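**Student:** The following file, start_7.cif, comprises mmCIF, C-alpha atoms:
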```cif
data_protein
#
loop_
_atom_site.label_atom_id
_atom_site.label_comp_id
_atom_site.auth_asym_id
_atom_site.auth_seq_id
_atom_site.Cartn_x
_atom_site.Cartn_y
_atom_site.Cartn_z
CA MET P 1 -24.69 11.41 -2.13
CA LYS P 2 -24.39 12.93 -5.60
CA ASN P 3 -20.63 13.02 -5.20
CA ASN P 4 -20.65 9.32 -4.32
CA LEU P 5 -22.57 8.61 -7.51
CA VAL P 6 -20.12 10.72 -9.52
CA ALA P 7 -17.19 8.84 -7.99
CA PHE P 8 -18.82 5.47 -8.70
CA VAL P 9 -19.49 6.34 -12.36
CA VAL P 10 -15.98 7.77 -12.78
CA GLY P 11 -14.45 4.61 -11.30
CA LEU P 12 -16.55 2.47 -13.62
CA ILE P 13 -15.64 4.39 -16.78
CA PHE P 14 -11.99 4.78 -15.79
CA ALA P 15 -11.67 1.00 -15.34
CA ILE P 16 -13.25 0.38 -18.75
CA GLY P 17 -10.80 2.83 -20.31
CA LEU P 18 -7.88 1.08 -18.64
CA GLY P 19 -9.08 -2.32 -19.81
CA ILE P 20 -9.52 -1.19 -23.42
CA SER P 21 -6.19 0.64 -23.43
CA GLY P 22 -3.98 -2.33 -22.52
CA MET P 23 -2.78 -0.88 -19.21
CA THR P 24 -4.13 -3.92 -17.31
CA GLN P 25 -1.72 -6.23 -19.21
CA PRO P 26 1.58 -6.19 -17.29
CA GLN P 27 3.59 -7.57 -20.24
CA LYS P 28 2.50 -4.57 -22.32
CA VAL P 29 3.51 -2.18 -19.55
CA VAL P 30 6.92 -3.80 -19.18
CA GLY P 31 7.24 -3.74 -23.00
CA PHE P 32 6.48 -0.02 -22.97
CA LEU P 33 9.22 0.59 -20.41
CA ASP P 34 11.67 -1.77 -22.15
CA VAL P 35 13.22 1.04 -24.19
CA PHE P 36 16.64 -0.65 -24.25
CA GLY P 37 15.20 -4.04 -25.18
CA ASP P 38 12.15 -5.04 -27.21
CA TRP P 39 10.37 -1.68 -26.97
CA ASP P 40 6.61 -1.60 -27.53
CA PRO P 41 5.59 2.08 -27.67
CA THR P 42 1.83 1.36 -27.92
CA LEU P 43 0.96 2.63 -24.46
CA VAL P 44 2.26 6.11 -25.34
CA PHE P 45 -1.14 6.55 -26.96
CA VAL P 46 -2.96 5.96 -23.66
CA MET P 47 -1.46 8.88 -21.78
CA GLY P 48 -1.21 10.87 -25.01
CA GLY P 49 -4.88 10.37 -25.89
CA ALA P 50 -6.01 11.08 -22.35
CA VAL P 51 -3.94 14.25 -22.01
CA VAL P 52 -4.95 15.68 -25.40
CA VAL P 53 -8.67 15.21 -24.62
CA HIS P 54 -8.47 16.33 -21.00
CA PHE P 55 -6.33 19.37 -21.88
CA PHE P 56 -9.42 20.78 -23.59
CA THR P 57 -12.12 19.45 -21.23
CA TYR P 58 -10.15 20.78 -18.23
CA ARG P 59 -10.20 24.29 -19.68
CA LEU P 60 -13.85 24.05 -20.64
CA ILE P 61 -14.98 22.72 -17.26
CA THR P 62 -12.98 25.12 -15.08
CA LYS P 63 -14.61 28.10 -16.85
CA ARG P 64 -17.57 27.38 -14.56
CA SER P 65 -17.53 29.22 -11.24
CA SER P 66 -17.93 25.91 -9.37
CA PRO P 67 -18.43 22.18 -9.96
CA LEU P 68 -21.97 20.79 -10.31
CA PHE P 69 -22.23 19.11 -6.91
CA ALA P 70 -19.58 20.83 -4.80
CA LYS P 71 -18.99 24.36 -3.52
CA GLU P 72 -15.47 24.75 -4.84
CA TRP P 73 -12.73 23.27 -6.97
CA LYS P 74 -10.28 20.93 -5.23
CA ILE P 75 -7.42 21.12 -7.70
CA PRO P 76 -3.82 20.87 -6.42
CA THR P 77 -2.15 24.29 -6.52
CA LYS P 78 1.38 23.47 -5.35
CA THR P 79 4.12 24.36 -7.83
CA GLU P 80 7.21 23.75 -5.69
CA LEU P 81 9.53 20.96 -6.87
CA THR P 82 10.43 19.12 -3.67
CA PRO P 83 12.88 16.26 -3.07
CA SER P 84 10.00 14.09 -1.85
CA LEU P 85 8.15 14.60 -5.15
CA ILE P 86 11.12 13.37 -7.15
CA ALA P 87 12.21 10.59 -4.79
CA GLY P 88 8.63 9.35 -4.46
CA ALA P 89 8.03 9.37 -8.22
CA PHE P 90 11.33 7.53 -8.69
CA LEU P 91 10.35 4.75 -6.27
CA PHE P 92 6.91 4.52 -7.83
CA GLY P 93 8.45 4.08 -11.29
CA VAL P 94 10.70 1.25 -10.06
CA GLY P 95 7.67 -0.59 -8.68
CA TRP P 96 5.70 0.09 -11.86
CA GLY P 97 8.46 -1.44 -13.99
CA LEU P 98 8.98 -4.41 -11.69
CA GLY P 99 5.32 -5.32 -11.26
CA GLY P 100 3.83 -4.05 -14.51
CA TYR P 101 1.00 -2.40 -12.58
CA CYS P 102 0.30 1.13 -11.48
CA PRO P 103 -2.50 1.61 -8.91
CA GLY P 104 -5.52 1.92 -11.25
CA PRO P 105 -4.82 -1.14 -13.42
CA ALA P 106 -4.00 -3.24 -10.34
CA LEU P 107 -7.35 -2.36 -8.74
CA THR P 108 -9.14 -2.94 -12.06
CA SER P 109 -7.52 -6.40 -12.21
CA ILE P 110 -8.86 -7.55 -8.81
CA PRO P 111 -11.83 -9.38 -10.43
CA SER P 112 -9.40 -11.56 -12.41
CA LEU P 113 -8.62 -13.14 -9.01
CA ASP P 114 -5.07 -13.74 -10.25
CA ILE P 115 -2.54 -13.80 -7.46
CA ALA P 116 -0.33 -11.07 -8.98
CA PRO P 117 -2.73 -8.09 -8.78
CA LEU P 118 -4.09 -9.24 -5.40
CA LEU P 119 -0.59 -9.48 -3.97
CA PHE P 120 0.32 -6.16 -5.58
CA VAL P 121 -2.72 -4.31 -4.17
CA GLY P 122 -2.20 -5.76 -0.68
CA PHE P 123 1.42 -4.67 -0.56
CA MET P 124 0.57 -1.32 -2.16
CA LEU P 125 -1.77 -0.59 0.76
CA LEU P 126 0.98 -1.65 3.14
CA GLY P 127 3.47 0.65 1.38
CA MET P 128 1.03 3.57 1.63
CA PHE P 129 0.48 2.85 5.31
CA ILE P 130 4.23 2.65 5.98
CA PHE P 131 4.88 5.97 4.24
CA LYS P 132 2.14 7.71 6.21
CA LYS P 133 3.57 6.38 9.50
CA VAL P 134 7.14 7.33 8.55
CA ASP P 135 5.99 10.77 7.43
CA GLN P 136 4.19 11.39 10.73
CA ILE P 137 7.53 11.03 12.47
CA LEU P 138 10.03 12.41 9.96
CA LYS P 139 7.77 15.00 8.22
CA ILE P 140 9.32 14.18 4.85
CA LYS P 141 6.63 16.07 2.94
CA LYS P 142 6.53 19.00 5.48
CA MET U 1 -9.27 -7.06 -33.88
CA GLN U 2 -8.22 -3.44 -33.97
CA ALA U 3 -4.60 -2.45 -33.93
CA ASP U 4 -3.25 -2.10 -30.37
CA TRP U 5 -2.48 1.57 -30.74
CA ILE U 6 -6.10 2.34 -31.67
CA ASN U 7 -7.26 0.52 -28.53
CA ALA U 8 -4.68 2.50 -26.55
CA LEU U 9 -5.97 5.76 -28.00
CA ILE U 10 -9.63 4.88 -27.40
CA GLY U 11 -8.83 3.73 -23.85
CA GLY U 12 -6.97 6.97 -23.20
CA ALA U 13 -9.91 9.03 -24.47
CA VAL U 14 -12.32 7.04 -22.26
CA ILE U 15 -10.05 7.73 -19.28
CA ALA U 16 -10.13 11.44 -20.17
CA VAL U 17 -13.95 11.34 -20.21
CA SER U 18 -14.00 9.76 -16.75
CA VAL U 19 -11.61 12.28 -15.14
CA SER U 20 -13.59 15.09 -16.82
CA ILE U 21 -16.79 13.84 -15.19
CA MET U 22 -15.04 13.84 -11.80
CA LEU U 23 -13.87 17.42 -12.36
CA TRP U 24 -17.22 18.63 -13.65
CA GLY U 25 -19.31 16.90 -11.00
CA SER U 26 -17.17 17.07 -7.87
CA GLY U 27 -14.37 19.49 -8.76
CA ARG U 28 -11.73 16.89 -8.01
CA VAL U 29 -8.66 15.54 -9.72
CA THR U 30 -8.85 11.76 -10.29
CA GLY U 31 -5.62 10.60 -8.71
CA ILE U 32 -6.08 6.94 -7.94
CA SER U 33 -3.24 6.60 -5.43
CA GLY U 34 -4.59 9.66 -3.63
CA ILE U 35 -8.12 8.28 -3.59
CA VAL U 36 -6.90 4.98 -2.10
CA GLY U 37 -4.36 6.56 0.26
CA GLY U 38 -7.02 8.92 1.64
CA LEU U 39 -8.86 5.88 3.00
CA LEU U 40 -5.96 5.33 5.38
CA ASP U 41 -6.47 8.79 6.92
CA PRO U 42 -9.14 9.05 9.60
CA ILE U 43 -11.03 12.04 8.16
CA PRO U 44 -14.76 11.66 8.84
CA GLY U 45 -17.13 12.26 5.90
CA ASP U 46 -14.32 11.82 3.38
CA ARG U 47 -14.51 8.08 2.91
CA SER U 48 -17.74 7.23 1.13
CA TRP U 49 -16.87 8.83 -2.23
CA ARG U 50 -13.51 7.05 -2.18
CA VAL U 51 -15.16 3.69 -1.50
CA SER U 52 -17.75 4.43 -4.22
CA PHE U 53 -14.97 5.10 -6.71
CA LEU U 54 -13.19 1.84 -5.86
CA ILE U 55 -16.40 -0.19 -6.11
CA GLY U 56 -17.00 1.39 -9.52
CA MET U 57 -13.47 0.57 -10.59
CA VAL U 58 -13.69 -3.10 -9.60
CA LEU U 59 -17.15 -3.48 -11.17
CA GLY U 60 -15.93 -1.72 -14.32
CA GLY U 61 -13.10 -4.23 -14.59
CA LEU U 62 -15.44 -7.14 -13.94
CA GLY U 63 -18.03 -5.88 -16.44
CA LEU U 64 -15.57 -5.26 -19.25
CA SER U 65 -13.82 -8.59 -18.70
CA LEU U 66 -17.08 -10.41 -19.49
CA PHE U 67 -16.99 -8.96 -23.01
CA TYR U 68 -13.25 -8.51 -23.38
CA PRO U 69 -11.40 -11.20 -21.37
CA GLN U 70 -8.14 -10.30 -23.15
CA MET U 71 -7.82 -7.35 -20.76
CA TYR U 72 -6.50 -9.74 -18.10
CA GLN U 73 -3.94 -11.39 -20.38
CA GLY U 74 -0.25 -10.74 -20.31
CA ALA U 75 0.64 -11.73 -16.76
CA LEU U 76 4.35 -11.53 -16.01
CA ASP U 77 6.26 -14.75 -15.59
CA THR U 78 8.08 -13.47 -12.50
CA PRO U 79 8.43 -14.82 -8.96
CA ARG U 80 5.78 -13.77 -6.43
CA TRP U 81 8.13 -11.67 -4.33
CA THR U 82 8.47 -9.27 -7.25
CA GLN U 83 4.75 -8.41 -7.08
CA ALA U 84 4.99 -7.87 -3.33
CA LEU U 85 8.05 -5.62 -3.65
CA ALA U 86 6.50 -3.79 -6.61
CA GLY U 87 3.30 -3.10 -4.65
CA LEU U 88 5.29 -1.90 -1.67
CA LEU U 89 7.35 0.51 -3.81
CA VAL U 90 4.28 1.80 -5.66
CA GLY U 91 2.36 2.38 -2.41
CA PHE U 92 5.26 4.09 -0.64
CA GLY U 93 6.39 6.04 -3.72
CA THR U 94 2.97 7.36 -4.70
CA MET U 95 2.34 8.66 -1.20
CA MET U 96 5.77 10.26 -1.02
CA GLY U 97 5.49 11.71 -4.53
CA SER U 98 1.82 12.74 -4.18
CA GLY U 99 0.52 10.84 -7.18
CA CYS U 100 0.70 8.15 -9.82
CA THR U 101 0.01 7.72 -13.53
CA SER U 102 -3.52 9.11 -13.23
CA GLY U 103 -2.99 12.07 -10.89
CA HIS U 104 0.34 13.24 -12.31
CA GLY U 105 0.38 11.60 -15.74
CA VAL U 106 -3.17 12.34 -16.90
CA CYS U 107 -4.70 15.07 -14.72
CA GLY U 108 -1.50 16.95 -13.90
CA LEU U 109 -0.07 17.02 -17.42
CA SER U 110 -3.44 18.13 -18.81
CA ARG U 111 -3.39 21.26 -16.67
CA LEU U 112 0.33 21.78 -17.38
CA SER U 113 1.40 21.38 -13.74
CA PRO U 114 5.20 21.64 -13.46
CA ARG U 115 5.23 19.24 -10.49
CA SER U 116 3.32 16.63 -12.46
CA LEU U 117 5.57 17.04 -15.48
CA VAL U 118 8.67 16.44 -13.34
CA ALA U 119 7.01 13.52 -11.54
CA THR U 120 5.88 11.90 -14.82
CA LEU U 121 9.30 12.22 -16.44
CA THR U 122 10.85 10.81 -13.26
CA PHE U 123 8.63 7.74 -12.94
CA ILE U 124 8.87 6.88 -16.62
CA THR U 125 12.66 7.20 -16.46
CA SER U 126 12.95 5.08 -13.31
CA GLY U 127 10.51 2.58 -14.81
CA VAL U 128 12.73 2.24 -17.89
CA MET U 129 15.78 1.86 -15.63
CA ALA U 130 13.99 -0.73 -13.49
CA VAL U 131 13.00 -2.87 -16.47
CA ALA U 132 16.55 -2.75 -17.86
CA PHE U 133 17.98 -3.56 -14.41
CA PHE U 134 15.62 -6.42 -13.56
CA ARG U 135 16.01 -7.86 -17.04
CA ALA U 136 19.79 -7.85 -16.62
CA MET U 137 19.32 -9.52 -13.23
CA GLY U 138 17.29 -12.28 -14.90
CA VAL U 139 14.03 -11.44 -13.13
CA PHE U 140 12.17 -11.14 -16.44
CA SER U 141 12.52 -14.24 -18.57
#
```
For this file, produce the structure as structure tokens.

**Tutor:**
Amino acid sequence: MKNNLVAFVVGLIFAIGLGISGMTQPQKVVGFLDVFGDWDPTLVFVMGGAVVVHFFTYRLITKRSSPLFAKEWKIPTKTELTPSLIAGAFLFGVGWGLGGYCPGPALTSIPSLDIAPLLFVGFMLLGMFIFKKVDQILKIKK
Amino acid sequence: MQADWINALIGGAVIAVSVSIMLWGSGRVTGISGIVGGLLDPIPGDRSWRVSFLIGMVLGGLGLSLFYPQMYQGALDTPRWTQALAGLLVGFGTMMGSGCTSGHGVCGLSRLSPRSLVATLTFITSGVMAVAFFRAMGVFS
């Protein structure tokens, strides 16, 4: 129950951060990726600001022996660079540039009821489903 | 109105606060594609926190838009199929690559994960290539 409340609050604050940052405006995202055209570097400050702050909070928080409402940390530990990591990230980036949305901003834009984020989220779920089905057969991720 | 880069910086810091709360409270990384994708796996007892997160995210967007409607500006003037294809690529790619801008770009880079660094450099590079390509193809006006 407490973890549900944590997740709800985190979702709420994350969405507000995205909205303030400009990440929910596809033209800004495309402008950020338009390095060879009319480049708008503004969104560098979103990831930059987030990473600088979380670099410190991550170290502070993980000094605890465990999280507040869970028995143990659930932090990814893999270090291996796999072909699926790179190929997957590549495909994700193509979709990000084409649509101007990554998953968080698209979900945050659902209340706008614009067709673009709704279409994007629907097909994103389909893409996730397709990968999971393909991976069950081909074991791409091992 | 504040300069855009200040908004970007403040937004980024707010995002950092939110992922820090997730880590502190539940010990988890806030990877949005992973949170959504996990709903497609039939693991009992692992769904409610994911749904709670998504409800929070949608309500956060709705709430902020009442005070700051500009957050939903800047729609692309592109045909509808581009949004469908983009969603498909993002869904497939984030599952294959185990993360998106939040999981790799924010959480992973903050803990200096080599996988996340490679993933982030890859998706920014392919994003730049995609914009250049689709612009040359006349998809972006």

**Student:** Translate the PyMOL selection byres ((chain P and resi 69-85) around 10) into a concrete residue list for this structure, as a PDB file with C-alpha atoms, in the frame of the given file.

**Tutor:**
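Wrote part_1.pdb, looks like this:
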```
ATOM      1  CA  MET P   1     -24.690  11.410  -2.130  1.00  0.00           C
ATOM      2  CA  LYS P   2     -24.390  12.930  -5.600  1.00  0.00           C
ATOM      3  CA  ASN P   3     -20.630  13.020  -5.200  1.00  0.00           C
ATOM      4  CA  VAL P   6     -20.120  10.720  -9.520  1.00  0.00           C
ATOM      5  CA  THR P  62     -12.980  25.120 -15.080  1.00  0.00           C
ATOM      6  CA  ARG P  64     -17.570  27.380 -14.560  1.00  0.00           C
ATOM      7  CA  SER P  65     -17.530  29.220 -11.240  1.00  0.00           C
ATOM      8  CA  SER P  66     -17.930  25.910  -9.370  1.00  0.00           C
ATOM      9  CA  PRO P  67     -18.430  22.180  -9.960  1.00  0.00           C
ATOM     10  CA  LEU P  68     -21.970  20.790 -10.310  1.00  0.00           C
ATOM     11  CA  ILE P  86      11.120  13.370  -7.150  1.00  0.00           C
ATOM     12  CA  ALA P  87      12.210  10.590  -4.790  1.00  0.00           C
ATOM     13  CA  GLY P  88       8.630   9.350  -4.460  1.00  0.00           C
ATOM     14  CA  ALA P  89       8.030   9.370  -8.220  1.00  0.00           C
ATOM     15  CA  PHE P  90      11.330   7.530  -8.690  1.00  0.00           C
ATOM     16  CA  ILE P 140       9.320  14.180   4.850  1.00  0.00           C
ATOM     17  CA  LYS P 141       6.630  16.070   2.940  1.00  0.00           C
ATOM     18  CA  LYS P 142       6.530  19.000   5.480  1.00  0.00           C
TER      19      LYS P 142
ATOM     20  CA  LEU U  23     -13.870  17.420 -12.360  1.00  0.00           C
ATOM     21  CA  TRP U  24     -17.220  18.630 -13.650  1.00  0.00           C
ATOM     22  CA  GLY U  25     -19.310  16.900 -11.000  1.00  0.00           C
ATOM     23  CA  SER U  26     -17.170  17.070  -7.870  1.00  0.00           C
ATOM     24  CA  GLY U  27     -14.370  19.490  -8.760  1.00  0.00           C
ATOM     25  CA  ARG U  28     -11.730  16.890  -8.010  1.00  0.00           C
ATOM     26  CA  VAL U  29      -8.660  15.540  -9.720  1.00  0.00           C
ATOM     27  CA  THR U  30      -8.850  11.760 -10.290  1.00  0.00           C
ATOM     28  CA  GLY U  93       6.390   6.040  -3.720  1.00  0.00           C
ATOM     29  CA  THR U  94       2.970   7.360  -4.700  1.00  0.00           C
ATOM     30  CA  MET U  95       2.340   8.660  -1.200  1.00  0.00           C
ATOM     31  CA  MET U  96       5.770  10.260  -1.020  1.00  0.00           C
ATOM     32  CA  GLY U  97       5.490  11.710  -4.530  1.00  0.00           C
ATOM     33  CA  SER U  98       1.820  12.740  -4.180  1.00  0.00           C
ATOM     34  CA  GLY U  99       0.520  10.840  -7.180  1.00  0.00           C
ATOM     35  CA  GLY U 103      -2.990  12.070 -10.890  1.00  0.00           C
ATOM     36  CA  CYS U 107      -4.700  15.070 -14.720  1.00  0.00           C
ATOM     37  CA  GLY U 108      -1.500  16.950 -13.900  1.00  0.00           C
ATOM     38  CA  ARG U 111      -3.390  21.260 -16.670  1.00  0.00           C
ATOM     39  CA  SER U 113       1.400  21.380 -13.740  1.00  0.00           C
ATOM     40  CA  PRO U 114       5.200  21.640 -13.460  1.00  0.00           C
ATOM     41  CA  ARG U 115       5.230  19.240 -10.490  1.00  0.00           C
ATOM     42  CA  SER U 116       3.320  16.630 -12.460  1.00  0.00           C
ATOM     43  CA  VAL U 118       8.670  16.440 -13.340  1.00  0.00           C
ATOM     44  CA  ALA U 119       7.010  13.520 -11.540  1.00  0.00           C
ATOM     45  CA  THR U 122      10.850  10.810 -13.260  1.00  0.00           C
TER      46      THR U 122
END
```

**Student:** May I ask which of the residues P:Gly93, P:Gly127, P:Gly104, P:Gly49 is the closest one to Met129 of chain U, counting all atoms listed in the file?

**Tutor:** P:Gly93

**Student:** Which chain U residues have any atom within 6 Å of an atom of chain P, and for each, what is the nearest pair of atoms with distance in Å to one decimal, counting only C-alpha atoms, rows sorted by chain and number, as a tab-separated table?

**Tutor:**
```
residue	atom	partner	partner_atom	distance
U:Trp5	CA	P:Thr42	CA	5.2
U:Asn7	CA	P:Ser21	CA	5.2
U:Ala8	CA	P:Ser21	CA	3.9
U:Leu9	CA	P:Phe45	CA	5.0
U:Gly11	CA	P:Ser21	CA	4.1
U:Gly12	CA	P:Val46	CA	4.2
U:Ala13	CA	P:Ala50	CA	4.9
U:Val14	CA	P:Gly17	CA	4.9
U:Ile15	CA	P:Phe14	CA	5.0
U:Ala16	CA	P:Ala50	CA	4.7
U:Ser18	CA	P:Val10	CA	4.9
U:Trp24	CA	P:Pro67	CA	5.3
U:Gly25	CA	P:Leu68	CA	4.8
U:Ser26	CA	P:Ala70	CA	5.4
U:Gly27	CA	P:Trp73	CA	4.5
U:Arg28	CA	P:Lys74	CA	5.1
U:Trp49	CA	P:Asn4	CA	4.3
U:Ser52	CA	P:Phe8	CA	4.7
U:Phe53	CA	P:Phe8	CA	4.3
U:Gly56	CA	P:Leu12	CA	4.3
U:Met57	CA	P:Gly11	CA	4.2
U:Val58	CA	P:Thr108	CA	5.2
U:Gly60	CA	P:Leu12	CA	4.3
U:Gly61	CA	P:Thr108	CA	4.9
U:Leu62	CA	P:Pro111	CA	5.5
U:Met71	CA	P:Gly19	CA	5.3
U:Gln73	CA	P:Gln25	CA	5.7
U:Gly74	CA	P:Gln25	CA	4.9
U:Ala75	CA	P:Pro26	CA	5.6
U:Leu76	CA	P:Gln27	CA	5.8
U:Gln83	CA	P:Phe120	CA	5.2
U:Ala84	CA	P:Phe120	CA	5.5
U:Ala86	CA	P:Gly95	CA	4.0
U:Gly87	CA	P:Met124	CA	4.1
U:Leu88	CA	P:Gly127	CA	4.4
U:Leu89	CA	P:Gly95	CA	5.0
U:Val90	CA	P:Phe92	CA	4.4
U:Gly91	CA	P:Met124	CA	4.1
U:Phe92	CA	P:Gly127	CA	4.4
U:Gly93	CA	P:Gly88	CA	4.1
U:Thr94	CA	P:Phe92	CA	5.8
U:Met95	CA	P:Met128	CA	6.0
U:Met96	CA	P:Gly88	CA	4.6
U:Gly97	CA	P:Gly88	CA	3.9
U:Val106	CA	P:Val51	CA	5.5
U:Ser110	CA	P:Phe55	CA	4.4
U:Arg115	CA	P:Thr79	CA	5.9
U:Ala119	CA	P:Ala89	CA	5.4
U:Thr122	CA	P:Phe90	CA	5.6
U:Phe123	CA	P:Gly93	CA	4.0
U:Ser126	CA	P:Gly93	CA	5.0
U:Gly127	CA	P:Gly93	CA	4.3
U:Val128	CA	P:Leu33	CA	4.6
U:Ala130	CA	P:Val94	CA	5.1
U:Val131	CA	P:Gly97	CA	5.4
```

**Student:** Could you check how far atom CA of Gly38 of chain U sits from atom CA of Thr125 of chain U, in Å to one decimal?

**Tutor:**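 Atom CA of Thr125 of chain U lies at a distance of 26.8 Å from atom CA of Gly38 of chain U.
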
**Student:** Record the distance separating atom CA of Ile35 of chain U and atom CA of Leu112 of chain U, expressed in Å with one decimal.

**Tutor:**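 Between these atoms lies a distance of 21.1 Å.
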
**Student:** In Å to one decimal, how far is atom CA of Asp77 of chain U from atom CA of Arg135 of chain U?

**Tutor:**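 Separation between atom CA of Arg135 of chain U and atom CA of Asp77 of chain U: 12.0 Å.
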